[in-house]
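Next up, target-v3.tsv (TSV, C-alpha atoms):
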```tsv
chain	number	residue	atom	x	y	z
A	769	MET	CA	0.00	0.00	0.00
A	770	LYS	CA	1.29	3.45	-0.94
A	771	ILE	CA	0.55	6.08	1.70
A	772	GLU	CA	0.70	9.85	1.47
A	773	ILE	CA	0.52	12.16	4.47
A	774	ILE	CA	-1.00	15.60	3.90
A	775	THR	CA	-0.66	18.21	6.62
A	776	ILE	CA	-2.80	21.35	6.34
A	777	GLY	CA	-2.37	24.85	7.72
A	778	ASP	CA	-0.87	28.22	6.85
A	779	GLU	CA	0.96	28.13	10.19
A	780	LEU	CA	3.07	25.25	8.86
A	781	LEU	CA	4.02	27.04	5.65
A	782	ILE	CA	5.08	30.26	7.35
A	783	GLY	CA	7.10	28.40	9.98
A	784	GLN	CA	4.97	29.52	12.91
A	785	ILE	CA	4.89	25.96	14.23
A	786	VAL	CA	7.06	22.93	13.46
A	787	ASN	CA	5.36	20.15	11.52
A	788	THR	CA	5.83	17.29	13.97
A	789	ASN	CA	2.72	15.41	12.81
A	790	SER	CA	4.29	14.08	9.60
A	791	ALA	CA	7.35	12.71	11.38
A	792	TRP	CA	5.32	11.08	14.13
A	793	MET	CA	2.84	9.50	11.72
A	794	ALA	CA	5.59	8.20	9.45
A	795	ALA	CA	7.38	6.56	12.38
A	796	GLU	CA	4.16	4.97	13.64
A	797	LEU	CA	3.15	3.71	10.20
A	798	THR	CA	6.59	2.29	9.49
A	799	THR	CA	6.64	0.43	12.80
A	800	GLN	CA	3.31	-1.15	11.88
A	801	GLY	CA	4.55	-2.24	8.45
A	802	PHE	CA	3.14	0.56	6.28
A	803	GLY	CA	5.57	2.49	4.10
A	804	VAL	CA	5.07	6.22	3.52
A	805	ASP	CA	5.74	7.23	-0.08
A	806	ALA	CA	5.12	10.98	0.07
A	807	MET	CA	4.47	13.89	2.44
A	808	THR	CA	2.72	17.09	1.37
A	809	THR	CA	2.02	20.30	3.25
A	810	VAL	CA	-0.55	22.82	1.99
A	811	GLY	CA	-2.11	26.00	3.34
A	812	ASP	CA	-5.71	26.57	4.34
A	813	ALA	CA	-6.87	27.72	0.88
A	814	PRO	CA	-9.42	25.18	-0.47
A	815	GLY	CA	-7.97	25.28	-3.98
A	816	ASP	CA	-4.55	24.20	-2.72
A	817	LEU	CA	-6.00	21.22	-0.87
A	818	LEU	CA	-8.16	20.18	-3.83
A	819	ALA	CA	-5.09	20.16	-6.09
A	820	ALA	CA	-3.09	18.22	-3.50
A	821	LEU	CA	-5.84	15.59	-3.26
A	822	ASP	CA	-5.85	15.07	-7.03
A	823	THR	CA	-2.07	14.65	-7.05
A	824	ALA	CA	-2.07	12.34	-4.03
A	825	PHE	CA	-4.84	10.08	-5.29
A	826	ALA	CA	-2.92	9.68	-8.56
A	827	ARG	CA	0.04	8.11	-6.73
A	828	ALA	CA	-1.16	6.73	-3.39
A	829	ASP	CA	-3.67	4.20	-2.08
A	830	ILE	CA	-4.16	5.79	1.34
A	831	LEU	CA	-4.27	9.51	2.14
A	832	LEU	CA	-3.90	10.59	5.76
A	833	LEU	CA	-4.83	14.24	6.40
A	834	THR	CA	-4.29	16.28	9.53
A	835	GLY	CA	-5.37	19.85	10.24
A	836	GLY	CA	-7.98	22.38	9.23
A	837	VAL	CA	-10.92	20.79	11.08
A	838	GLY	CA	-11.25	23.20	14.01
A	839	PRO	CA	-14.19	25.53	14.73
A	840	THR	CA	-12.77	28.78	13.29
A	841	ARG	CA	-13.14	30.31	9.83
A	842	ASP	CA	-9.62	29.41	8.73
A	843	ASP	CA	-10.43	25.71	9.26
A	844	ARG	CA	-11.85	24.70	5.90
A	845	THR	CA	-10.82	21.09	5.40
A	846	LYS	CA	-14.26	19.64	6.10
A	847	GLU	CA	-16.00	21.93	3.59
A	848	THR	CA	-13.28	21.24	1.00
A	849	LEU	CA	-13.78	17.49	1.41
A	850	CYS	CA	-17.49	18.01	0.80
A	851	ARG	CA	-16.61	19.70	-2.50
A	852	TYR	CA	-14.18	16.95	-3.44
A	853	PHE	CA	-16.59	14.09	-2.69
A	854	ASP	CA	-19.65	16.07	-3.88
A	855	CYS	CA	-21.74	15.76	-0.74
A	856	PRO	CA	-23.38	18.07	1.83
A	857	LEU	CA	-22.73	18.53	5.52
A	858	ILE	CA	-25.23	16.81	7.80
A	859	LEU	CA	-25.68	16.84	11.56
A	860	ASN	CA	-24.33	13.77	13.35
A	861	GLU	CA	-26.21	13.34	16.61
A	862	GLU	CA	-23.60	11.04	18.15
A	863	VAL	CA	-20.85	13.58	17.55
A	864	LEU	CA	-23.03	16.35	18.96
A	865	GLN	CA	-23.76	14.31	22.07
A	866	HIS	CA	-20.04	13.65	22.53
A	867	ILE	CA	-19.23	17.37	22.19
A	868	GLU	CA	-21.94	18.32	24.71
A	869	GLN	CA	-20.66	15.75	27.22
A	870	LEU	CA	-17.09	16.91	26.72
A	871	PHE	CA	-18.00	20.54	27.41
A	872	GLN	CA	-20.10	19.55	30.38
A	873	SER	CA	-17.17	17.63	31.89
A	874	ARG	CA	-14.96	20.69	31.37
A	875	LYS	CA	-17.63	22.96	32.89
A	876	ALA	CA	-17.47	25.11	29.75
A	877	THR	CA	-20.22	26.72	27.69
A	878	LEU	CA	-20.84	25.22	24.26
A	879	ASN	CA	-21.00	27.89	21.55
A	880	SER	CA	-22.39	27.67	18.02
A	881	LEU	CA	-18.99	27.36	16.33
A	882	THR	CA	-18.04	24.30	18.35
A	883	ARG	CA	-21.53	22.86	17.94
A	884	ASP	CA	-21.03	23.04	14.17
A	885	GLN	CA	-18.24	20.50	14.47
A	886	ALA	CA	-21.02	17.93	14.68
A	887	LEU	CA	-21.73	18.72	11.01
A	888	VAL	CA	-20.02	16.04	8.90
A	889	PRO	CA	-19.82	15.21	5.16
A	890	SER	CA	-22.65	12.81	4.32
A	891	LYS	CA	-20.37	10.38	2.45
A	892	ALA	CA	-17.89	10.01	5.33
A	893	THR	CA	-17.80	7.22	7.87
A	894	VAL	CA	-17.57	9.04	11.18
A	895	ILE	CA	-15.17	7.82	13.88
A	896	PRO	CA	-15.36	9.43	17.33
A	897	ASN	CA	-12.54	11.66	18.54
A	898	ARG	CA	-12.17	10.56	22.15
A	899	VAL	CA	-10.06	13.53	23.28
A	900	GLY	CA	-11.41	16.36	21.13
A	901	THR	CA	-14.44	17.80	19.40
A	902	ALA	CA	-13.60	17.35	15.69
A	903	PRO	CA	-14.58	13.83	14.53
A	904	LEU	CA	-12.37	11.59	12.42
A	905	LEU	CA	-13.63	11.21	8.84
A	906	TRP	CA	-13.06	8.05	6.76
A	907	PHE	CA	-13.79	8.28	3.02
A	908	ARG	CA	-13.71	5.57	0.37
A	909	LYS	CA	-12.87	6.36	-3.25
A	910	GLY	CA	-13.12	3.04	-5.01
A	911	ALA	CA	-10.24	0.95	-3.67
A	912	GLN	CA	-8.56	4.05	-2.25
A	913	LEU	CA	-8.96	5.62	1.17
A	914	LEU	CA	-8.81	9.09	2.72
A	915	VAL	CA	-8.77	9.73	6.46
A	916	SER	CA	-9.10	13.22	7.93
A	917	MET	CA	-7.90	13.86	11.47
A	918	PRO	CA	-7.37	16.90	13.70
A	919	GLY	CA	-4.01	18.65	13.56
A	920	VAL	CA	-3.64	18.91	17.34
A	921	PRO	CA	-0.82	16.40	18.01
A	922	LEU	CA	-2.43	14.74	21.05
A	923	GLU	CA	-5.72	14.28	19.21
A	924	MET	CA	-4.01	12.97	16.06
A	925	GLN	CA	-1.79	10.55	17.97
A	926	THR	CA	-4.69	9.19	20.00
A	927	ALA	CA	-6.74	8.79	16.81
A	928	MET	CA	-3.93	6.99	15.00
A	929	ARG	CA	-3.14	4.58	17.82
A	930	GLU	CA	-6.66	3.78	18.99
A	931	GLU	CA	-8.76	4.06	15.84
A	932	ILE	CA	-6.94	4.45	12.52
A	933	MET	CA	-4.03	1.99	12.81
A	934	PRO	CA	-6.26	-0.92	13.93
A	935	ARG	CA	-8.60	-0.24	10.99
A	936	LEU	CA	-5.74	0.03	8.48
A	937	SER	CA	-4.19	-3.20	9.76
A	938	ALA	CA	-7.53	-5.01	9.49
A	939	THR	CA	-8.24	-3.66	5.99
A	940	PHE	CA	-4.88	-3.74	4.21
A	941	ARG	CA	-2.01	-6.20	4.04
A	942	GLN	CA	1.30	-4.88	5.23
A	943	LYS	CA	4.89	-6.09	5.21
A	944	ALA	CA	7.00	-6.53	8.30
A	945	TYR	CA	9.55	-3.75	8.72
A	946	LEU	CA	12.86	-5.12	9.98
A	947	ARG	CA	15.24	-2.64	11.56
A	948	ARG	CA	18.38	-2.51	13.65
A	949	ASP	CA	19.66	0.74	15.19
A	950	TYR	CA	23.21	1.48	16.30
A	951	LEU	CA	24.47	4.57	18.13
A	952	VAL	CA	28.08	5.22	17.09
A	953	GLY	CA	30.65	7.58	18.60
A	954	GLY	CA	34.21	8.45	17.70
A	955	TYR	CA	33.72	8.67	13.93
A	956	SER	CA	32.94	11.43	11.46
A	957	GLU	CA	30.21	10.52	8.95
A	958	SER	CA	32.66	10.18	6.06
A	959	ALA	CA	35.16	8.18	8.13
A	960	LEU	CA	32.44	5.77	9.24
A	961	ALA	CA	31.18	5.39	5.67
A	962	THR	CA	34.72	4.57	4.54
A	963	HIS	CA	35.09	2.02	7.34
A	964	LEU	CA	31.81	0.35	6.36
A	965	SER	CA	32.17	0.55	2.56
A	966	SER	CA	32.90	-3.18	2.16
A	967	PHE	CA	29.96	-4.04	4.41
A	968	GLU	CA	27.63	-1.90	2.30
A	969	ASP	CA	28.96	-3.43	-0.92
A	970	GLN	CA	27.96	-6.93	0.19
A	971	LEU	CA	24.50	-6.02	1.52
A	972	PRO	CA	21.61	-7.77	-0.28
A	973	ALA	CA	19.65	-5.49	-2.62
A	974	SER	CA	16.63	-5.50	-0.31
A	975	PHE	CA	18.66	-4.03	2.57
A	976	SER	CA	19.64	-0.42	3.19
A	977	LEU	CA	22.05	1.28	5.60
A	978	ALA	CA	21.31	4.89	6.56
A	979	TYR	CA	23.57	7.39	8.35
A	980	LEU	CA	21.98	10.02	10.62
A	981	PRO	CA	24.69	12.25	12.15
A	982	THR	CA	23.76	14.46	15.11
A	983	TYR	CA	26.10	16.50	17.32
A	984	GLY	CA	29.10	14.19	17.56
A	985	ILE	CA	27.24	10.90	17.24
A	986	ILE	CA	25.96	8.92	14.27
A	987	ARG	CA	22.83	6.82	14.22
A	988	LEU	CA	23.02	3.88	11.85
A	989	ARG	CA	19.81	2.26	10.64
A	990	LEU	CA	19.97	-1.14	8.96
A	991	SER	CA	16.58	-2.01	7.49
A	992	ALA	CA	14.64	-4.26	5.13
A	993	TRP	CA	10.99	-4.94	4.33
A	994	GLY	CA	9.55	-8.46	4.67
A	995	GLU	CA	9.63	-11.30	7.19
A	996	GLU	CA	11.52	-13.45	4.69
A	997	HIS	CA	14.64	-11.40	5.49
A	998	THR	CA	14.58	-12.09	9.25
A	999	ALA	CA	17.46	-14.58	9.28
A	1000	THR	CA	19.56	-12.42	6.96
A	1001	MET	CA	18.89	-9.37	9.15
A	1002	GLU	CA	20.27	-11.23	12.16
A	1003	GLN	CA	23.40	-12.19	10.23
A	1004	GLN	CA	23.99	-8.72	8.78
A	1005	GLY	CA	23.27	-7.03	12.10
A	1006	LYS	CA	25.77	-9.23	13.92
A	1007	HIS	CA	28.40	-8.53	11.25
A	1008	LEU	CA	27.82	-4.78	11.49
A	1009	ARG	CA	28.06	-4.85	15.28
A	1010	GLU	CA	31.42	-6.62	15.06
A	1011	LEU	CA	32.73	-4.02	12.60
A	1012	LEU	CA	31.72	-1.15	14.90
A	1013	GLY	CA	33.46	-2.65	17.91
A	1014	SER	CA	33.82	-0.36	20.93
A	1015	HIS	CA	32.57	2.60	18.88
A	1016	CYS	CA	29.05	1.19	19.15
A	1017	LEU	CA	27.56	2.91	22.19
A	1018	SER	CA	24.21	1.19	21.97
A	1019	GLU	CA	22.09	-1.06	19.77
A	1020	SER	CA	19.06	1.15	20.16
A	1021	ASN	CA	17.50	4.40	19.03
A	1022	GLN	CA	17.92	6.08	22.42
A	1023	MET	CA	19.40	9.52	22.95
A	1024	VAL	CA	22.77	9.85	24.71
A	1025	GLU	CA	21.15	11.35	27.81
A	1026	GLN	CA	18.98	8.22	28.16
A	1027	LEU	CA	21.99	5.94	27.80
A	1028	LEU	CA	23.98	7.96	30.33
A	1029	GLY	CA	21.13	7.80	32.84
A	1030	GLU	CA	20.83	4.04	32.49
A	1031	LEU	CA	24.59	3.58	32.90
A	1032	LEU	CA	24.72	5.79	36.00
A	1033	GLN	CA	21.83	3.86	37.54
A	1034	GLU	CA	23.47	0.54	36.71
A	1035	LYS	CA	26.77	1.59	38.32
A	1036	ARG	CA	25.00	3.39	41.16
A	1037	PHE	CA	26.91	6.58	40.40
A	1038	THR	CA	25.65	10.11	40.92
A	1039	LEU	CA	26.18	13.08	38.60
A	1040	SER	CA	26.29	16.87	38.79
A	1041	THR	CA	27.09	19.50	36.16
A	1042	ALA	CA	28.96	22.81	36.14
A	1043	GLU	CA	27.88	24.86	33.14
A	1044	SER	CA	29.10	28.16	31.83
A	1045	CYS	CA	28.46	28.51	28.09
A	1046	THR	CA	25.52	26.07	27.98
A	1047	GLY	CA	23.58	27.90	30.68
A	1048	GLY	CA	21.99	24.79	32.19
A	1049	TYR	CA	21.15	23.00	28.93
A	1050	ILE	CA	23.08	19.86	29.93
A	1051	ALA	CA	21.03	19.64	33.12
A	1052	HIS	CA	17.87	20.18	31.06
A	1053	LEU	CA	18.69	17.25	28.77
A	1054	ILE	CA	19.56	14.95	31.66
A	1055	THR	CA	16.40	15.81	33.63
A	1056	SER	CA	14.18	15.44	30.56
A	1057	VAL	CA	14.57	11.68	31.02
A	1058	ALA	CA	12.19	10.08	33.51
A	1059	GLY	CA	13.97	8.74	36.57
A	1060	ALA	CA	16.81	11.27	36.48
A	1061	SER	CA	16.31	12.01	40.17
A	1062	GLY	CA	17.83	8.61	40.89
A	1063	HIS	CA	21.29	9.73	39.74
A	1064	PHE	CA	21.33	13.49	39.06
A	1065	THR	CA	21.75	15.82	42.04
A	1066	GLY	CA	21.93	19.28	40.47
A	1067	SER	CA	23.84	21.87	38.49
A	1068	VAL	CA	25.77	25.07	39.06
A	1069	VAL	CA	25.33	27.54	36.19
A	1070	ALA	CA	28.50	29.61	36.61
A	1071	TYR	CA	28.19	32.08	33.77
A	1072	ASP	CA	30.19	34.81	35.46
A	1073	ASN	CA	33.77	34.22	36.60
A	1074	HIS	CA	32.91	35.43	40.10
A	1075	ILE	CA	30.43	32.53	40.44
A	1076	LYS	CA	33.09	30.11	39.23
A	1077	GLU	CA	35.34	31.32	42.01
A	1078	ILE	CA	32.78	31.52	44.82
A	1079	LEU	CA	30.72	28.37	44.17
A	1080	LEU	CA	33.12	26.10	42.28
A	1081	GLN	CA	36.43	27.12	43.87
A	1082	VAL	CA	38.04	27.96	40.52
A	1083	GLU	CA	41.26	29.80	41.29
A	1084	GLU	CA	41.43	33.50	40.39
A	1085	GLU	CA	45.02	33.01	39.21
A	1086	THR	CA	43.93	30.28	36.81
A	1087	LEU	CA	41.22	32.49	35.35
A	1088	SER	CA	43.58	35.42	34.87
A	1089	GLN	CA	46.46	33.40	33.42
A	1090	LYS	CA	44.64	30.75	31.36
A	1091	GLY	CA	41.30	32.46	30.70
A	1092	ALA	CA	37.81	31.20	31.45
A	1093	VAL	CA	37.81	29.06	28.30
A	1094	SER	CA	40.64	26.67	29.09
A	1095	ARG	CA	41.42	23.11	30.10
A	1096	GLU	CA	42.46	24.19	33.57
A	1097	VAL	CA	39.23	26.08	34.31
A	1098	ALA	CA	37.04	23.26	32.98
A	1099	GLU	CA	38.85	20.74	35.17
A	1100	GLN	CA	38.60	22.93	38.28
A	1101	MET	CA	34.88	23.43	37.58
A	1102	ALA	CA	34.37	19.65	37.38
A	1103	ARG	CA	36.22	19.05	40.64
A	1104	GLY	CA	34.43	21.95	42.29
A	1105	VAL	CA	30.90	20.87	41.44
A	1106	ALA	CA	31.60	17.26	42.44
A	1107	ALA	CA	32.91	18.50	45.78
A	1108	VAL	CA	30.04	20.87	46.49
A	1109	THR	CA	27.35	18.34	45.52
A	1110	GLY	CA	29.08	15.19	46.75
A	1111	THR	CA	28.64	13.30	43.47
A	1112	THR	CA	30.64	10.43	42.01
A	1113	CYS	CA	30.75	12.00	38.56
A	1114	ALA	CA	30.68	15.50	37.12
A	1115	ILE	CA	30.50	17.28	33.77
A	1116	ALA	CA	31.90	20.79	33.30
A	1117	VAL	CA	31.81	22.99	30.20
A	1118	THR	CA	33.21	26.40	29.36
A	1119	GLY	CA	33.36	27.98	25.93
A	1120	ILE	CA	32.52	30.76	23.48
A	1121	MET	CA	29.08	30.33	21.93
A	1122	GLY	CA	29.11	33.49	19.77
A	1123	PRO	CA	28.27	35.28	17.67
A	1124	ASP	CA	30.78	37.62	19.39
A	1125	GLY	CA	33.55	37.14	21.92
A	1126	GLY	CA	36.02	35.06	19.97
A	1127	SER	CA	39.69	35.76	19.25
A	1128	GLU	CA	42.33	34.44	16.88
A	1129	GLU	CA	43.57	32.09	19.58
A	1130	LYS	CA	40.08	31.09	20.78
A	1131	PRO	CA	37.56	31.63	17.98
A	1132	VAL	CA	33.80	31.41	18.40
A	1133	GLY	CA	32.89	27.77	18.91
A	1134	THR	CA	35.89	26.94	21.12
A	1135	VAL	CA	34.74	24.71	23.98
A	1136	TRP	CA	36.45	22.81	26.77
A	1137	VAL	CA	34.63	19.85	28.32
A	1138	ALA	CA	35.87	18.12	31.47
A	1139	THR	CA	34.37	14.89	32.78
A	1140	LEU	CA	35.14	13.44	36.19
A	1141	CYS	CA	34.49	10.02	37.69
A	1142	GLY	CA	36.05	9.41	41.07
A	1143	GLU	CA	39.74	10.15	40.65
A	1144	ARG	CA	39.64	9.95	36.86
A	1145	LEU	CA	39.51	13.26	35.03
A	1146	SER	CA	39.33	13.74	31.27
A	1147	SER	CA	39.27	17.03	29.38
A	1148	ARG	CA	38.98	17.79	25.70
A	1149	GLU	CA	38.77	20.84	23.42
A	1150	TYR	CA	36.09	21.03	20.71
A	1151	ARG	CA	35.37	23.46	17.91
A	1152	VAL	CA	31.60	23.34	17.56
A	1153	GLY	CA	30.79	26.06	15.00
A	1154	LYS	CA	29.55	29.63	14.72
A	1155	SER	CA	25.79	29.41	15.32
A	1156	ARG	CA	25.00	30.21	18.96
A	1157	ALA	CA	21.89	28.03	19.27
A	1158	GLN	CA	23.53	25.06	17.58
A	1159	ASN	CA	26.71	25.53	19.59
A	1160	ILE	CA	24.83	25.31	22.87
A	1161	GLU	CA	23.02	22.12	21.90
A	1162	ARG	CA	26.05	20.53	20.29
A	1163	THR	CA	28.25	21.31	23.30
A	1164	ALA	CA	25.68	19.82	25.67
A	1165	ARG	CA	25.38	16.59	23.72
A	1166	LEU	CA	29.14	16.29	23.20
A	1167	ALA	CA	29.64	16.71	26.94
A	1168	ILE	CA	27.10	13.99	27.72
A	1169	LEU	CA	28.70	11.75	25.10
A	1170	GLN	CA	32.14	12.32	26.61
A	1171	MET	CA	30.81	11.34	30.05
A	1172	LEU	CA	29.09	8.27	28.59
A	1173	MET	CA	32.24	7.06	26.83
A	1174	MET	CA	34.29	7.65	29.98
A	1175	LEU	CA	32.01	5.35	31.97
A	1176	GLN	CA	31.79	2.53	29.43
```
How would this structure read if it were set down as structure tokens?
Amino acid sequence: MKIEIITIGDELLIGQIVNTNSAWMAAELTTQGFGVDAMTTVGDAPGDLLAALDTAFARADILLLTGGVGPTRDDRTKETLCRYFDCPLILNEEVLQHIEQLFQSRKATLNSLTRDQALVPSKATVIPNRVGTAPLLWFRKGAQLLVSMPGVPLEMQTAMREEIMPRLSATFRQKAYLRRDYLVGGYSESALATHLSSFEDQLPASFSLAYLPTYGIIRLRLSAWGEEHTATMEQQGKHLRELLGSHCLSESNQMVEQLLGELLQEKRFTLSTAESCTGGYIAHLITSVAGASGHFTGSVVAYDNHIKEILLQVEEETLSQKGAVSREVAEQMARGVAAVTGTTCAIAVTGIMGPDGGSEEKPVGTVWVATLCGERLSSREYRVGKSRAQNIERTARLAILQMLMMLQ
């Protein structure tokens, strides 16, 4: 089955919000054995959606739409679908009852605009929206299918998991999607590709190897469609793992902060962070993982040198002679935060995020990361780039990666 995802809304085209729906739906569909062949984003204008539907139906069997079904005037998907399928809007009493009960439970007053969401195209099969007011609409066009869902991520995800995916699986045949993920550190993308060139050359035609580099790490995805490749996948996956050796941090799709948390819990170590240039972003990433309280004690954001001295016991002489962005300061920050928090491990970062503040000796993007575990201390200089926002995120992830590799 060929599937096309169509996301609708001017806010997507002007960049007001990030289109997360397409990515989430594609991942969910792929996991369930449905391949996505195309993704399209259109604005709220009816003519644009009508043209997109013609194009999509010419190349896909299943169209999954999100967006444009709210109660306001800029939500015109439902009326456009009436035009496309040549049918009127009719009142659906079950949807109206659901909306009334939902508003009653929220102790809110139902207005006429929200009440009109109970109007549905007469040719659609209506599926209840358990967590919202706009119903899910299921249209048949011969052997083809169109499903319209709300654009609110929670509503769409609930609809997909509880209603749409079970119906698609019961209606259409799908192939098993076989996949192995590997998190790799210590390689550049080109160096890793060179290392694995012979492996790629011998891969069966039905297999693919994808490289997804992100902030100092590379995610490898080995994949194939069809249960008949299960045994071969095991063989190829084992071969790939052997080629990666100690550079393979994990055989999973987890983020480095998740892996670090699991490793700290396993070793019963505790962690603190001392952050200058990242302003607390390392602590944010670590605490975004559930269960972080079991190993993470806290962070000192020492943006000013005075704070480095007072709270982290960084020596004034070191700051004046070596500068805030130096190996020596990073190492003293790591020792200082471990001492003040009483942790087994510590991460410290200091650097120049830009766009100003660099010099010929220490240009924008210069970062020192120090990681401490007991008596072991490791420090390394990085050059992360010139974009401030990217530098902060890249520095944070590189620091977590450095700590992870130190503990393995």
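Each of A:Leu904, A:Thr982, A:Lys770, A:His1007 was checked against Gly919 of chain A using only C-alpha atoms; the smallest atom-to-atom distance is that of A:Leu904.
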Excluding same-chain residues fewer than 5 positions from Ala1164 of chain A, what lies within 7 Å of it counting all atoms listed in the file, as a PDB file with C-alpha atoms, in the coordinates of the input?
```
ATOM      1  CA  THR A1046      25.520  26.070  27.980  1.00  0.00           C
ATOM      2  CA  TYR A1049      21.150  23.000  28.930  1.00  0.00           C
ATOM      3  CA  ILE A1050      23.080  19.860  29.930  1.00  0.00           C
TER       4      ILE A1050
END
```
Given all atoms listed in the file as the basis, pick out the residue of A:Thr840, A:Gly811, A:Thr848, A:Gln865 nearest to Leu881 of chain A.
A:Thr840
Using the file's own x, y and z axes, so that the box edges lie along x, y and z, what centre and edge lengths in Å (one decimal) does a box around every listed atom of segment 850-862 of chain A get when 6 Å is added on each side? Give it as lines of an AutoDock Vina configuration file.
```
center_x = -20.2
center_y = 15.4
center_z = 7.1
size_x = 24.0
size_y = 20.7
size_z = 34.0
```
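The space separating atom CA of Asn879 of chain A from atom CA of Ile867 of chain A comes to 10.7 Å.
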Could you tell me, as a VMD selection string, which residues have any atom at most 8 Å from (-0.1, 8.6, 2.7), counting only C-alpha atoms?
chain A and resid 770 to 774 804 to 807 824 828 to 832
A:Pro934, A:Pro839, A:Pro814, A:Gly803: which is nearest Pro903 of chain A, counting all atoms listed in the file?
A:Pro839
Report the distance between atom CA of Val1135 of chain A and atom CA of Glu1149 of chain A in Å, rounded to one decimal place.
5.6 Å
One number please: atom CA of Gln800 of chain A to atom CA of Ser1056 of chain A, in Å, one decimal.
27.2 Å
Which residues, protein or nucleic acid, reach to within 7 Å of (31.7, 33.3, 32.8) in the file's coordinates when using only C-alpha atoms, and can you give that as a PyMOL selection string?
chain A and resi 1044+1070-1073+1092
Export of the given selection (C-alpha atoms) as a compact mmCIF listing (two decimals), in the frame of the given file:
```
# COMPACT_ATOMS: atom_id res chain seq x y z
CA SER A 1044 29.10 28.16 31.83
CA ALA A 1070 28.50 29.61 36.61
CA TYR A 1071 28.19 32.08 33.77
CA ASP A 1072 30.19 34.81 35.46
CA ASN A 1073 33.77 34.22 36.60
CA ALA A 1092 37.81 31.20 31.45
```
Name the residues in contact with Pro921 of chain A at a cut-off of 10 Å, using all atoms listed in the file, excluding same-chain residues fewer than 5 positions from it; report them as an NGL selection string.
:A and (787-789 or 792 or 834-835 or 926-927)
For Thr1086 of chain A, work out the shell of residues within 8 Å, counting all atoms listed in the file and skipping chain neighbours fewer than 5 positions away, then give it as a ChimeraX atom specification.
/A:1091,1096-1097
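Checking A:Leu1012, A:Val1024, A:Leu857, A:Ala892 one by one against Ala1167 of chain A, counting only C-alpha atoms, you find the shortest gap at A:Val1024.
Of the listed residues (A:Met793, A:Met1121, A:Ile785, A:Leu946), A:Met1121 comes nearest to Gly1047 of chain A; the distances count only C-alpha atoms.
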When you write segment 899-910 of chain A out from the block above, keep N, CA and C atoms and present the result as a compact mmCIF listing (two decimals), in the first residue's frame, please.
```
# COMPACT_ATOMS: atom_id res chain seq x y z
N VAL A 899 -10.66 12.47 22.47
CA VAL A 899 -10.06 13.53 23.28
C VAL A 899 -10.29 14.93 22.72
N GLY A 900 -11.15 15.05 21.72
CA GLY A 900 -11.41 16.36 21.13
C GLY A 900 -12.80 16.44 20.56
N THR A 901 -13.08 17.57 19.91
CA THR A 901 -14.44 17.80 19.40
C THR A 901 -14.59 17.49 17.91
N ALA A 902 -13.51 17.59 17.13
CA ALA A 902 -13.60 17.35 15.69
C ALA A 902 -13.55 15.85 15.42
N PRO A 903 -14.57 15.27 14.78
CA PRO A 903 -14.58 13.83 14.53
C PRO A 903 -13.57 13.42 13.46
N LEU A 904 -13.23 12.15 13.45
CA LEU A 904 -12.37 11.59 12.42
C LEU A 904 -13.26 11.18 11.25
N LEU A 905 -12.82 11.47 10.04
CA LEU A 905 -13.63 11.21 8.84
C LEU A 905 -12.91 10.21 7.94
N TRP A 906 -13.62 9.16 7.56
CA TRP A 906 -13.06 8.05 6.76
C TRP A 906 -13.84 7.99 5.45
N PHE A 907 -13.14 8.28 4.35
CA PHE A 907 -13.79 8.28 3.02
C PHE A 907 -13.23 7.15 2.17
N ARG A 908 -14.12 6.55 1.38
CA ARG A 908 -13.71 5.57 0.37
C ARG A 908 -13.84 6.19 -1.01
N LYS A 909 -12.83 5.95 -1.85
CA LYS A 909 -12.87 6.36 -3.25
C LYS A 909 -12.46 5.16 -4.08
N GLY A 910 -13.44 4.30 -4.38
CA GLY A 910 -13.12 3.04 -5.01
C GLY A 910 -12.30 2.19 -4.06
```
